$ cat model22.txt   # compact mmCIF, C-alpha atoms
# COMPACT_ATOMS: atom_id res chain seq x y z
CA MET A 9 -28.00 56.13 -22.60
CA LEU A 10 -27.09 52.75 -24.07
CA LEU A 11 -23.63 52.04 -25.47
CA PHE A 12 -22.55 48.93 -27.39
CA SER A 13 -18.94 48.24 -26.41
CA TYR A 14 -16.88 45.51 -28.04
CA GLY A 15 -13.25 46.56 -27.79
CA THR A 16 -11.28 49.27 -26.09
CA LEU A 17 -14.29 50.64 -24.21
CA GLN A 18 -14.22 47.43 -22.18
CA ILE A 19 -10.80 48.40 -20.78
CA GLU A 20 -11.03 50.08 -17.38
CA GLY A 21 -8.35 52.68 -18.20
CA VAL A 22 -10.15 53.71 -21.38
CA GLN A 23 -13.48 53.98 -19.54
CA LEU A 24 -11.90 56.15 -16.86
CA SER A 25 -10.17 58.43 -19.36
CA SER A 26 -13.24 58.69 -21.62
CA PHE A 27 -16.07 58.84 -19.07
CA GLY A 28 -14.38 59.53 -15.74
CA ARG A 29 -15.88 56.37 -14.27
CA LEU A 30 -16.22 52.63 -14.81
CA LEU A 31 -19.22 51.50 -16.84
CA VAL A 32 -21.67 48.75 -15.90
CA GLY A 33 -22.90 46.50 -18.69
CA GLU A 34 -24.10 43.12 -19.82
CA SER A 35 -23.41 40.78 -22.74
CA ASP A 36 -25.13 41.44 -26.05
CA ALA A 37 -24.70 40.61 -29.75
CA LEU A 38 -24.56 42.48 -33.05
CA PRO A 39 -25.94 40.10 -35.71
CA PHE A 40 -24.68 40.33 -39.31
CA HIS A 41 -21.41 41.91 -38.18
CA ARG A 42 -17.93 40.56 -37.53
CA THR A 43 -14.83 41.82 -35.79
CA ASP A 44 -11.71 42.93 -37.63
CA MET A 45 -8.52 44.66 -36.46
CA VAL A 46 -7.45 48.27 -37.01
CA GLU A 47 -4.03 49.80 -36.42
CA ILE A 48 -3.95 52.66 -33.91
CA THR A 49 -1.74 55.61 -34.83
CA ASP A 50 -3.01 58.27 -32.40
CA PRO A 51 -0.31 58.65 -29.71
CA GLU A 52 -2.84 59.40 -26.94
CA VAL A 53 -4.91 56.31 -27.76
CA LEU A 54 -1.71 54.24 -27.88
CA ARG A 55 -0.73 55.60 -24.46
CA VAL A 56 -4.09 54.71 -22.88
CA ARG A 57 -4.64 51.45 -24.75
CA GLY A 58 -1.07 50.20 -24.65
CA GLU A 59 -1.56 48.15 -27.83
CA ARG A 60 -1.14 49.08 -31.49
CA PHE A 61 -4.07 47.04 -32.86
CA HIS A 62 -7.62 46.78 -31.59
CA PRO A 63 -10.86 45.20 -32.77
CA VAL A 64 -13.53 47.03 -34.76
CA VAL A 65 -16.98 45.84 -35.81
CA VAL A 66 -17.79 45.78 -39.52
CA PRO A 67 -20.76 44.42 -41.49
CA SER A 68 -20.37 40.74 -42.30
CA ASP A 69 -19.85 40.07 -46.00
CA THR A 70 -21.17 36.51 -45.64
CA GLY A 71 -24.76 37.48 -45.00
CA GLN A 72 -24.68 35.23 -41.95
CA PRO A 73 -25.55 36.53 -38.47
CA TYR A 74 -22.07 35.92 -37.05
CA GLY A 75 -19.90 35.57 -40.16

$ encode --input "model22.txt" --output "structure tokens"
Amino acid sequence: MLLFSYGTLQIEGVQLSSFGRLLVGESDALPFHRTDMVEITDPEVLRVRGERFHPVVVPSDTGQPYG
């Protein structure tokens, strides 16, 4: 199964708590999307992540591949 990971799923602790193992991957791209930040309010996610904000991927409003 393929998984596109751009944020918290790249953190070893999150991988271990979510999948029970470390994941192996390679670089990729998601054209016509950009990163933004979202505030985390779930206490369990905050405990594992250790940070209140993390990146999310959203469609680019510029119409450019990496806007």

$ closest_residue --input "model22.txt" --among "A:Met9, A:Pro39, A:Arg57, A:Val64" --to "Ser26 in chain A" --atoms "all atoms listed in the file"
A:Arg57

$ closest_residue --input "model22.txt" --among "A:Leu31, A:Leu11, A:Leu17, A:Val65" --to "Val46 in chain A" --atoms "only C-alpha atoms"
A:Val65

$ atom_distance --input "model22.txt" --atom1 "CA of Gln18 in chain A" --atom2 "CA of Ser35 in chain A"
11.4 Å

$ atom_distance --input "model22.txt" --atom1 "CA of Thr70 in chain A" --atom2 "CA of Thr49 in chain A"
29.3 Å

$ residues_around --input "model22.txt" --residues "Val53 in chain A" --least-positions-apart "5" --cutoff "10 Å" --atoms "all atoms listed in the file" --output "VMD selection string"
chain A and resid 16 22 48 58 to 60

$ closest_residue --input "model22.txt" --among "A:Arg42, A:Leu24, A:Asp36, A:Leu30" --to "Phe12 in chain A" --atoms "all atoms listed in the file"
A:Asp36

$ closest_residue --input "model22.txt" --among "A:Glu20, A:His62, A:Ser13, A:Asp69" --to "Ala37 in chain A" --atoms "all atoms listed in the file"
A:Ser13

$ atom_distance --input "model22.txt" --atom1 "CA of Val32 in chain A" --atom2 "CA of Pro67 in chain A"
26.0 Å

$ closest_residue --input "model22.txt" --among "A:Tyr14, A:Ser68, A:Phe61, A:Arg55" --to "Glu34 in chain A" --atoms "all atoms listed in the file"
A:Tyr14

$ residues_around --input "model22.txt" --residues "Val66 in chain A" --least-positions-apart "6" --cutoff "8 Å" --atoms "all atoms listed in the file" --output "VMD selection string"
chain A and resid 41 to 44

$ closest_residue --input "model22.txt" --among "A:Gly15, A:Gly21, A:Pro51, A:Gly28" --to "Pro63 in chain A" --atoms "only C-alpha atoms"
A:Gly15
